[in-house]
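Peer 1: Dropping the structure in here first, questions after.
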Amino acid sequence: MRVHLAILRSAALLVPEQQRAEWLAEWRSELWHAWPNRSAINLIAFCLGSFKDACWLRRHGPMPRSYGILHLDVPAPPAVAQSFPLPSTLHFLKSPAQCLSFLGALALVSIAVAFFLQPARDLMLASPYADVSGLLMISPWGEGNQAGIANGVVDPYPTVSVDQFRQWKTSPLPEFAGLAFYLPQTMQTDISPGPLSVARTNVDLFALLNISMHSNGPMNGLMLSNTLWRKHFHSDPHAVGRMVRVGAQTVRIAAILPSGQWKLPGHFDAWLIEDERDTGGLPLDARGFVLARLTEQARVDHGFPDGYLNYVWVAERNQSFLVGMLPLLLLGALLVPVTTFFSLGEYPARKIGLRRWLFLAAKIGLILPATLFAALDVACLGRHLLPVAAQLMLVSWVFALRWALIDQQRRCPICLRRLANPVTIGEPSRMLLEWHGTELMCPRGHGLLHVPDRPAIWFTQQRWTDFDPSWSGLFP
């Protein structure tokens with residue numbers, strides 16, 4: 001017993017002097033109560049816990065004689081409101097206003113960052129082409145590919161061979177007013193020490209897109225992307241007209257493509273615009289992309305029958321990705337009950353008001369754009385949208401929705417503030433006869449929330465207990 005008392009007296013030196021005697025007396029009574037049921041090692045460990053309690057009291061404890069609950073012989077001054085001290089580690093989203101403000105700011109920041117990233121900005125902004133209603137990307141039928149994926153926003157891949165495109169050109173399809181082909185290649189140039197992604201095409205491509213180029217000469221040559229022009233030519237307007245080497249040939253820089261003007265599949269640093277005779281040496285099995293424009297009659301007839309060609313409308317490429325996220329959002333909402341046990345709990349009927357549900361709806365409404373745009377920002381950190389963008393959005397949405405529901409469980413049903421001061425009650429081994437779980441208190445004194453650690457038959461979900469008005473003097 002002397003060793004244990006020595007430990008308690010040593011810990012008491014950390015307690016403020018005016019509270020030391022009362023604190024030591026309380027710990028000695030606790031030691032006397034625990035003495036018959038514990039071994040010597042457990043008693044020493046029990047006494048060592050007094051150091052943590054003494055440090056907490058020194059840092060967070062009330063000032064001497066400021067609480068009638070500690071000094072029953074000295075009543076608190078009536079002019080001063082009494083309140084329990086709150087721990088400094090209280091969640092910074094404790095009030096509903098703080099929570100909604102933080103989520104709203106997070107949503108605005110993630111949306112703003114998306115507009116600074118080129119792939120995300122291209123995905124959100126409308127098509128820049130003047131007459132986009134008749135433009136579509138086509139692929140051969142019967143090769144097992146899906147045009148919406150091959151010509152989509154996420155990880156597109158070429159499907160039309162050079163030989164197939166030449167057959168379409170020599171035998172014009174009646175539904176199309178024009179066709180254009182571009183072949184993605186990686187080529188060495190003297191513009192950059194590393195290879196560049198170049199699209200080999202002709203003037204028909206930009207004629208179909210109705211893009212007017214500011215060029216000082218013929219369009220044949222190399223068209224630079226705005227990013228490449230700024231990075232390697234430092235936005236020099238005199239770069240147009242210079243001669244550069246691209247692969248085995250020397251070509252002239254014909255124009256600069258304005259930022260945001262390329263909305264077709266593929267991500268390119270430059271476009272090599274060639275004559276028909278220059279593309280005659282391309283391998284017949286080389287695959288690229290084909291852009292087509294429908295005739296007016298074909299638009300009236302709503303395209304062409306199924307089984308003819310695979311196609312995707314240029315105006316719907318971005319929309320198809322965003323619309324495709326709706327099933328993923330629904331799937332994420334269905335996954336949350338699987339990963340999280342969410343129960344409203346047992347509350348008095350008058351405590352479950354409309355305000356609580358409106359707060360939950362507002363949280364989810366702000367979490368949705370915040371998480372989706374944040375995941376989109378991560379997926380667009382590179383030059384193009386990552387193939388795992390949809391999966392990243394799904395995982396972010398599941399975790400964010402899970403947090404929103406768990407946060408709702410730990411809030412007061414009256415003031416919607418985060419509950420504080422968690423205390424563990426009972427022992428796991430006595431769950432059959434006694435209650436075992438955690439109690440949390442509303443910092444405004446509205447009541448206690450009882451959360452079972454292991455649901456029992458007679459206590460399966462959390463319960464709320466109201467405080468009567470007699471407790472109001474202890475809370476701010």
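Chain labels run A, B, ... following the order of the structure tokens; each chain numbers its residues from 1, and ligands are numbered from 1 in the order shown.
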Mind checking DSSP for segment 143-301 of chain A and telling me the helix (DSSP H, G or I) residues as JSON, numbers by chain?
Peer 2: {"A": [147, 148, 149, 150, 162, 163, 164, 165, 166, 167, 168, 169, 170, 203, 204, 205, 206, 207, 208, 226, 227, 228, 229, 230, 231, 232, 233, 237, 238, 239, 278, 279, 280, 281, 296, 297, 298, 299, 300]}
Peer 1: Report as an NGL selection string all protein, DNA and RNA residues lying within 9 Å of segment 240-248 of chain A, evaluated on only C-alpha atoms, omitting residues in the same chain fewer than 4 positions from it.
Peer 2: :A and (187-191 or 215-217 or 222-223 or 236 or 252-256 or 272)
Peer 1: Just the selected residues (N, CA, C and O atoms), exported as a compact mmCIF listing (two decimals), in the first residue's frame, please.
Peer 2:
# COMPACT_ATOMS: atom_id res chain seq x y z
N MET A 187 6.18 10.95 -82.11
CA MET A 187 7.22 11.34 -83.05
C MET A 187 8.27 12.20 -82.35
O MET A 187 7.96 12.98 -81.43
N GLN A 188 9.51 12.06 -82.81
CA GLN A 188 10.61 12.91 -82.33
C GLN A 188 10.63 14.21 -83.12
O GLN A 188 10.43 14.21 -84.35
N THR A 189 10.85 15.29 -82.41
CA THR A 189 10.95 16.61 -83.05
C THR A 189 12.12 17.36 -82.44
O THR A 189 12.70 16.95 -81.43
N ASP A 190 12.45 18.49 -83.08
CA ASP A 190 13.48 19.35 -82.49
C ASP A 190 12.87 20.45 -81.62
O ASP A 190 13.56 21.37 -81.21
N ILE A 191 11.57 20.34 -81.36
CA ILE A 191 10.91 21.29 -80.46
C ILE A 191 11.16 20.91 -79.01
O ILE A 191 11.44 21.76 -78.16
N SER A 215 -3.42 31.80 -89.70
CA SER A 215 -2.17 31.35 -90.29
C SER A 215 -1.68 32.37 -91.29
O SER A 215 -2.47 33.05 -91.96
N ASN A 216 -0.35 32.49 -91.40
CA ASN A 216 0.26 33.44 -92.33
C ASN A 216 0.58 32.81 -93.69
O ASN A 216 1.29 33.40 -94.49
N GLY A 217 0.08 31.62 -93.93
CA GLY A 217 0.39 30.94 -95.19
C GLY A 217 -0.50 29.73 -95.36
O GLY A 217 -1.58 29.64 -94.76
N LEU A 222 2.65 22.02 -89.49
CA LEU A 222 2.46 21.59 -88.11
C LEU A 222 1.62 22.61 -87.35
O LEU A 222 1.94 23.80 -87.36
N MET A 223 0.58 22.14 -86.72
CA MET A 223 -0.23 22.99 -85.86
C MET A 223 0.08 22.63 -84.41
O MET A 223 -0.03 21.47 -84.02
N ASP A 236 5.41 33.04 -78.04
CA ASP A 236 5.95 33.94 -79.07
C ASP A 236 5.08 33.89 -80.32
O ASP A 236 4.96 32.83 -80.96
N ARG A 252 6.72 23.28 -91.74
CA ARG A 252 6.53 24.66 -91.28
C ARG A 252 5.44 24.69 -90.22
O ARG A 252 4.44 23.99 -90.30
N ILE A 253 5.65 25.50 -89.15
CA ILE A 253 4.61 25.71 -88.14
C ILE A 253 3.53 26.58 -88.78
O ILE A 253 3.76 27.75 -89.10
N ALA A 254 2.35 25.97 -88.99
CA ALA A 254 1.31 26.66 -89.75
C ALA A 254 0.39 27.49 -88.86
O ALA A 254 -0.09 28.55 -89.29
N ALA A 255 0.10 27.04 -87.65
CA ALA A 255 -0.86 27.76 -86.80
C ALA A 255 -0.74 27.27 -85.37
O ALA A 255 -0.05 26.28 -85.08
N ILE A 256 -1.43 27.97 -84.50
CA ILE A 256 -1.54 27.60 -83.09
C ILE A 256 -3.02 27.32 -82.81
O ILE A 256 -3.87 28.16 -83.08
N LEU A 272 -0.05 17.24 -87.39
CA LEU A 272 0.71 17.31 -88.63
C LEU A 272 -0.28 17.26 -89.79
O LEU A 272 -0.86 16.22 -90.10
Peer 1: Using only C-alpha atoms for the distances, tell me which of A:Leu326, A:Leu93, A:Ala207, A:Val15 is nearest to Ala404 of chain A.
Peer 2: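 For Ala404 of chain A, the nearest of the given residues is A:Leu93.
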Peer 1: Find the residues around Glu175 of chain A up to 6 Å (only C-alpha atoms counted), leave out those fewer than 4 positions away in its own chain, and share them as a list in words.
Peer 2: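 That gives Leu294, Thr295 and Ala298 of chain A.
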Peer 1: Just C-alpha atoms for this one: save the residues we selected as a compact mmCIF listing (two decimals), in the first residue's frame.
Peer 2:
# COMPACT_ATOMS: atom_id res chain seq x y z
CA LEU A 294 -24.19 14.06 -91.27
CA THR A 295 -26.16 15.51 -94.16
CA ALA A 298 -29.67 12.21 -92.31
Peer 1: Would you mind listing what lies within 8 Å of Leu108 of chain A as a ChimeraX atom specification, with only C-alpha atoms counted and same-chain residues fewer than 4 positions away left out?
Peer 2: /A:104,112,370
Peer 1: Work out how far atom CA of Gln391 of chain A is from atom CA of Gly332 of chain A, in Å to one decimal.
Peer 2: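 Atom CA of Gly332 of chain A sits 10.5 Å away from atom CA of Gln391 of chain A.
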Peer 1: Counting only C-alpha atoms, which of A:Val314, A:Leu13, A:Leu385, A:Leu205 gets nearest to Leu179 of chain A?
Peer 2: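 Closest residue, counting only C-alpha atoms: A:Leu205.
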Peer 1: So, counting only C-alpha atoms, which residue among A:Asp285, A:Glu296, A:Asp155, A:Asp275 is closest to Phe321 of chain A?
Peer 2: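 Among the listed residues, A:Asp155 lies closest to Phe321 of chain A.
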Peer 1: Within 10 Å of His384 of chain A, counting only C-alpha atoms, which residues show up once you throw out same-chain ones fewer than 6 positions away? Write them as a compact mmCIF listing (two decimals) with N, CA, C and O atoms, in the first residue's frame, please.
Peer 2:
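Full text of part10.txt as output:
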# COMPACT_ATOMS: atom_id res chain seq x y z
N LEU A 117 -7.67 22.92 -64.17
CA LEU A 117 -7.08 21.74 -64.79
C LEU A 117 -7.70 21.54 -66.17
O LEU A 117 -8.93 21.46 -66.31
N GLN A 118 -6.87 21.45 -67.20
CA GLN A 118 -7.35 21.40 -68.57
C GLN A 118 -8.28 20.21 -68.84
O GLN A 118 -9.37 20.40 -69.41
N PRO A 119 -7.94 18.97 -68.44
CA PRO A 119 -8.87 17.86 -68.71
C PRO A 119 -10.23 18.04 -68.04
O PRO A 119 -11.26 17.74 -68.63
N ALA A 120 -10.23 18.52 -66.80
CA ALA A 120 -11.50 18.72 -66.10
C ALA A 120 -12.28 19.87 -66.72
O ALA A 120 -13.51 19.79 -66.85
N ASP A 122 -12.21 20.83 -69.85
CA ASP A 122 -12.77 20.36 -71.12
C ASP A 122 -13.99 19.48 -70.89
O ASP A 122 -14.91 19.46 -71.72
N VAL A 153 -14.62 9.71 -73.38
CA VAL A 153 -13.76 10.67 -72.68
C VAL A 153 -12.63 9.96 -71.96
O VAL A 153 -11.49 10.45 -71.93
N VAL A 154 -12.91 8.81 -71.39
CA VAL A 154 -11.93 8.10 -70.57
C VAL A 154 -11.20 7.07 -71.43
O VAL A 154 -11.80 6.14 -71.95
N ASP A 155 -9.89 7.27 -71.60
CA ASP A 155 -9.02 6.30 -72.25
C ASP A 155 -9.55 5.85 -73.62
O ASP A 155 -9.80 4.66 -73.86
N GLY A 266 -8.46 11.59 -77.91
CA GLY A 266 -7.02 11.71 -78.03
C GLY A 266 -6.50 13.01 -77.46
O GLY A 266 -7.19 14.03 -77.47
N HIS A 267 -5.28 12.97 -76.96
CA HIS A 267 -4.62 14.14 -76.38
C HIS A 267 -3.30 14.33 -77.13
O HIS A 267 -2.42 13.46 -77.08
Peer 1: Using only C-alpha atoms, which residue out of A:Ala40, A:His232, A:Gly281, A:Leu209 lies closest to Ser127 of chain A?
Peer 2: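 Among the listed residues, A:Leu209 lies closest to Ser127 of chain A.
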Peer 1: Find the spatial neighbours of Tyr182 of chain A, counting only C-alpha atoms, within a cut-off of 10 Å - ignore same-chain residues fewer than 5 positions away - and output them as a list in words.
Peer 2: Pro158, Val160, Val162, Val198, Ala199, Arg200, Thr201, Asn202, Asp204, Leu205, Gly266, Trp271, Leu272, Ile273, Arg287, Gly288, Phe289, Val290 and Leu291 of chain A
Peer 1: With distances taken over only C-alpha atoms, which of A:Tyr129, A:Trp229, A:Trp435, A:Trp464 is nearest to Trp262 of chain A?
Peer 2: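 Nearest candidate to Trp262 of chain A out of A:Tyr129, A:Trp229, A:Trp435, A:Trp464: A:Tyr129.
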